[in-house]
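Student: Next comes coords-v4.pdb, PDB, C-alpha atoms, pLDDT in the B column:
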ATOM      1  CA  MET W   1      82.274 105.648  99.054  1.00 51.00           C
ATOM      2  CA  ASN W   2      80.632 103.431  96.483  1.00 54.00           C
ATOM      3  CA  ILE W   3      81.174 100.164  98.364  1.00 52.00           C
ATOM      4  CA  THR W   4      80.431  97.862  95.418  1.00 58.00           C
ATOM      5  CA  LYS W   5      82.690  99.685  92.941  1.00 65.00           C
ATOM      6  CA  ASP W   6      85.478 100.293  95.455  1.00 64.00           C
ATOM      7  CA  VAL W   7      85.400  96.741  96.789  1.00 63.00           C
ATOM      8  CA  GLU W   8      85.865  95.467  93.232  1.00 69.00           C
ATOM      9  CA  GLU W   9      89.064  97.518  93.027  1.00 67.00           C
ATOM     10  CA  LEU W  10      90.289  96.021  96.310  1.00 66.00           C
ATOM     11  CA  ILE W  11      89.699  92.381  95.310  1.00 65.00           C
ATOM     12  CA  GLY W  12      93.030  90.614  95.071  1.00 68.00           C
ATOM     13  CA  LYS W  13      94.821  93.080  97.336  1.00 65.00           C
ATOM     14  CA  VAL W  14      96.254  91.395 100.404  1.00 83.00           C
ATOM     15  CA  ASP W  15      97.274  94.355 102.567  1.00 90.00           C
ATOM     16  CA  ILE W  16      95.038  97.415 102.728  1.00 91.00           C
ATOM     17  CA  GLY W  17      95.783 100.531 104.771  1.00 94.00           C
ATOM     18  CA  ILE W  18      92.866 102.537 106.151  1.00 95.00           C
ATOM     19  CA  PHE W  19      93.517 106.027 107.412  1.00 94.00           C
ATOM     20  CA  ASP W  20      91.530 108.572 109.382  1.00 95.00           C
ATOM     21  CA  SER W  21      92.497 111.549 111.509  1.00 92.00           C
ATOM     22  CA  GLY W  22      90.470 110.049 114.335  1.00 89.00           C
ATOM     23  CA  ILE W  23      88.358 106.988 114.958  1.00 89.00           C
ATOM     24  CA  GLY W  24      85.457 107.609 112.567  1.00 88.00           C
ATOM     25  CA  GLY W  25      87.104 105.457 109.914  1.00 92.00           C
ATOM     26  CA  ILE W  26      86.445 102.379 112.010  1.00 94.00           C
ATOM     27  CA  THR W  27      82.986 102.273 110.409  1.00 93.00           C
ATOM     28  CA  VAL W  28      84.681 102.189 106.984  1.00 91.00           C
ATOM     29  CA  LEU W  29      86.918  99.368 108.213  1.00 93.00           C
ATOM     30  CA  ARG W  30      83.890  97.451 109.474  1.00 93.00           C
ATOM     31  CA  GLU W  31      82.129  97.725 106.092  1.00 90.00           C
ATOM     32  CA  LEU W  32      85.243  96.663 104.202  1.00 88.00           C
ATOM     33  CA  MET W  33      85.694  93.664 106.485  1.00 89.00           C
ATOM     34  CA  LYS W  34      82.135  92.601 105.595  1.00 88.00           C
ATOM     35  CA  SER W  35      82.637  93.145 101.860  1.00 85.00           C
ATOM     36  CA  VAL W  36      86.183  92.065 101.047  1.00 79.00           C
ATOM     37  CA  PRO W  37      87.082  88.360 100.862  1.00 74.00           C
ATOM     38  CA  THR W  38      88.876  86.656 103.706  1.00 76.00           C
ATOM     39  CA  GLY W  39      92.656  86.601 103.645  1.00 81.00           C
ATOM     40  CA  VAL W  40      92.945  90.378 103.409  1.00 87.00           C
ATOM     41  CA  ARG W  41      94.947  92.114 106.129  1.00 90.00           C
ATOM     42  CA  PHE W  42      93.701  95.537 107.141  1.00 93.00           C
ATOM     43  CA  HIS W  43      96.019  98.082 108.745  1.00 95.00           C
ATOM     44  CA  TYR W  44      94.070 100.867 110.449  1.00 96.00           C
ATOM     45  CA  PHE W  45      95.755 104.131 111.396  1.00 96.00           C
ATOM     46  CA  GLY W  46      93.628 106.551 113.402  1.00 95.00           C
ATOM     47  CA  ASP W  47      95.728 109.640 114.086  1.00 95.00           C
ATOM     48  CA  THR W  48      94.093 110.501 117.392  1.00 94.00           C
ATOM     49  CA  ALA W  49      97.298 112.138 118.673  1.00 94.00           C
ATOM     50  CA  ARG W  50      96.954 115.025 116.182  1.00 94.00           C
ATOM     51  CA  VAL W  51      93.175 115.304 115.742  1.00 91.00           C
ATOM     52  CA  PRO W  52      91.437 117.523 114.623  1.00 91.00           C
ATOM     53  CA  TYR W  53      93.090 118.068 111.258  1.00 91.00           C
ATOM     54  CA  GLY W  54      90.607 120.699 110.067  1.00 87.00           C
ATOM     55  CA  SER W  55      91.980 123.452 112.302  1.00 91.00           C
ATOM     56  CA  LYS W  56      95.594 122.987 111.176  1.00 93.00           C
ATOM     57  CA  PRO W  57      97.382 124.622 108.215  1.00 95.00           C
ATOM     58  CA  PRO W  58      97.372 122.562 104.991  1.00 93.00           C
ATOM     59  CA  SER W  59     101.168 122.240 105.021  1.00 94.00           C
ATOM     60  CA  GLU W  60     101.033 120.605 108.455  1.00 95.00           C
ATOM     61  CA  ILE W  61      98.239 118.236 107.426  1.00 94.00           C
ATOM     62  CA  LYS W  62     100.203 117.216 104.321  1.00 92.00           C
ATOM     63  CA  LYS W  63     103.203 116.444 106.526  1.00 94.00           C
ATOM     64  CA  TYR W  64     101.048 114.220 108.751  1.00 94.00           C
ATOM     65  CA  VAL W  65      99.464 112.441 105.796  1.00 91.00           C
ATOM     66  CA  HIS W  66     102.822 111.748 104.163  1.00 89.00           C
ATOM     67  CA  GLN W  67     104.090 110.312 107.459  1.00 93.00           C
ATOM     68  CA  VAL W  68     101.091 107.978 107.644  1.00 93.00           C
ATOM     69  CA  PHE W  69     101.517 106.936 104.004  1.00 90.00           C
ATOM     70  CA  ASP W  70     105.240 106.277 104.600  1.00 92.00           C
ATOM     71  CA  PHE W  71     104.180 104.028 107.469  1.00 95.00           C
ATOM     72  CA  PHE W  72     101.780 102.178 105.158  1.00 94.00           C
ATOM     73  CA  ARG W  73     104.571 101.794 102.579  1.00 91.00           C
ATOM     74  CA  SER W  74     106.741 100.179 105.262  1.00 94.00           C
ATOM     75  CA  LEU W  75     103.939  97.618 105.678  1.00 94.00           C
ATOM     76  CA  SER W  76     103.818  97.068 101.884  1.00 92.00           C
ATOM     77  CA  VAL W  77     100.131  97.912 101.625  1.00 93.00           C
ATOM     78  CA  GLU W  78      98.646  97.433  98.180  1.00 90.00           C
ATOM     79  CA  ALA W  79      95.853  99.985  98.532  1.00 88.00           C
ATOM     80  CA  ILE W  80      95.028 102.916 100.787  1.00 91.00           C
ATOM     81  CA  VAL W  81      91.533 103.928 101.814  1.00 91.00           C
ATOM     82  CA  THR W  82      91.198 107.304 103.473  1.00 90.00           C
ATOM     83  CA  ALA W  83      88.245 108.068 105.702  1.00 91.00           C
ATOM     84  CA  CYS W  84      89.633 111.566 106.315  1.00 89.00           C
ATOM     85  CA  ASN W  85      88.013 114.108 104.019  1.00 88.00           C
ATOM     86  CA  THR W  86      90.337 116.869 105.219  1.00 89.00           C
ATOM     87  CA  SER W  87      93.456 115.024 104.114  1.00 86.00           C
ATOM     88  CA  ASP W  88      91.875 113.957 100.842  1.00 86.00           C
ATOM     89  CA  SER W  89      90.866 117.506  99.970  1.00 89.00           C
ATOM     90  CA  ILE W  90      94.375 118.951 100.345  1.00 90.00           C
ATOM     91  CA  LEU W  91      96.262 116.259  98.411  1.00 88.00           C
ATOM     92  CA  SER W  92      96.786 116.966  94.732  1.00 88.00           C
ATOM     93  CA  LYS W  93      96.122 114.359  92.057  1.00 86.00           C
ATOM     94  CA  GLU W  94      99.885 114.129  91.539  1.00 88.00           C
ATOM     95  CA  GLU W  95     100.450 113.381  95.224  1.00 85.00           C
ATOM     96  CA  LYS W  96      97.811 110.665  95.149  1.00 83.00           C
ATOM     97  CA  LYS W  97      99.339 109.124  92.013  1.00 81.00           C
ATOM     98  CA  SER W  98     102.801 109.178  93.620  1.00 82.00           C
ATOM     99  CA  LEU W  99     101.573 106.632  96.163  1.00 79.00           C
ATOM    100  CA  GLU W 100     101.910 103.940  93.489  1.00 80.00           C
ATOM    101  CA  VAL W 101      98.988 102.049  95.033  1.00 84.00           C
ATOM    102  CA  PRO W 102      95.252 102.550  94.564  1.00 81.00           C
ATOM    103  CA  PHE W 103      94.001 105.451  96.696  1.00 81.00           C
ATOM    104  CA  LEU W 104      90.311 105.379  97.547  1.00 81.00           C
ATOM    105  CA  VAL W 105      88.221 107.875  99.479  1.00 80.00           C
ATOM    106  CA  SER W 106      85.409 106.692 101.700  1.00 73.00           C
TER     107      SER W 106
END
So, in terms of structure tokens, how does the structure I just supplied come out?
Tutor:
Amino acid sequence: MNITKDVEELIGKVDIGIFDSGIGGITVLRELMKSVPTGVRFHYFGDTARVPYGSKPPSEIKKYVHQVFDFFRSLSVEAIVTACNTSDSILSKEEKKSLEVPFLVS
């Protein structure tokens, strides 16, 4: 994650969803909280109930990721940051674009 470049893209966003398959993304959250102006609400989703993702079939991981993103949509997030390389690697560019919000990878 290029913190400077990615933070610039997040400026002006009020609700940001941060996703990881476990708890490792908390470090990403911590860095964003230091870098992004006050007034931003962060929504962290660590999917510890279904970790590890890497040992599961891609179709199952996609199902999980879409469930998490649907949850973020219900919160009206304006950007999604994923700290989960497994989920990022199986999503197509079209799937990422369908989110209709900026999608950043840490």
Student: What's around Asp20 of chain W at 9 Å? Count all atoms listed in the file, leave out sequence neighbours fewer than 4 positions away in its own chain, and write the answer as an MDAnalysis selection string.
Tutor: chainID W and resid 24:26 44:48 81:85 87
Student: For a test of reading the model, state the distance in Å between atom CA of Thr86 of chain W and atom CA of Gln67 of chain W, rounded to one decimal.
Tutor: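 Distance between the two atoms: 15.4 Å.
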Student: What is the atom CA of Lys93 of chain W to atom CA of Ser76 of chain W distance in Å?
Tutor: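 Between atom CA of Lys93 of chain W and atom CA of Ser76 of chain W the gap works out to 21.3 Å.
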Student: Mind pulling up the distance from atom CA of His43 of chain W to atom CA of Gly17 of chain W?
Tutor: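 Going from atom CA of Gly17 of chain W over to atom CA of His43 of chain W covers 4.7 Å.
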Student: With distances taken over all atoms listed in the file, which of W:Phe19, W:Lys96, W:Arg30, W:Pro58 is nearest to Phe71 of chain W?
Tutor: W:Phe19
Student: Which one of W:Leu91, W:Val40, W:Ala79, W:Ala49 sits closest to Lys62 of chain W if you count all atoms listed in the file?
Tutor: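 The shortest atom-to-atom distance to Lys62 of chain W comes from W:Leu91.
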Student: Which of these residues is nearest to Pro52 of chain W, using only C-alpha atoms: W:Ser92, W:Tyr64, W:Gly39, W:Asp70?
Tutor: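 Counting only C-alpha atoms, the residue closest to Pro52 of chain W is W:Tyr64.
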Student: Go through W:Phe42, W:Ser55, W:Ile80, W:Asp88 and flag the residue nearest Glu100 of chain W, using all atoms listed in the file for the distances.
Tutor: W:Ile80
Student: From the options W:Leu75, W:Ile23, W:Val68, W:Val28, which residue's atoms come nearest to Leu104 of chain W, counting only C-alpha atoms?
Tutor: W:Val28
Student: Quick one: of W:Glu31, W:Pro57, W:Gly22, W:Lys63, who's nearest to Ser106 of chain W, counting only C-alpha atoms?
Tutor: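 The answer is W:Glu31, which sits nearest to Ser106 of chain W.
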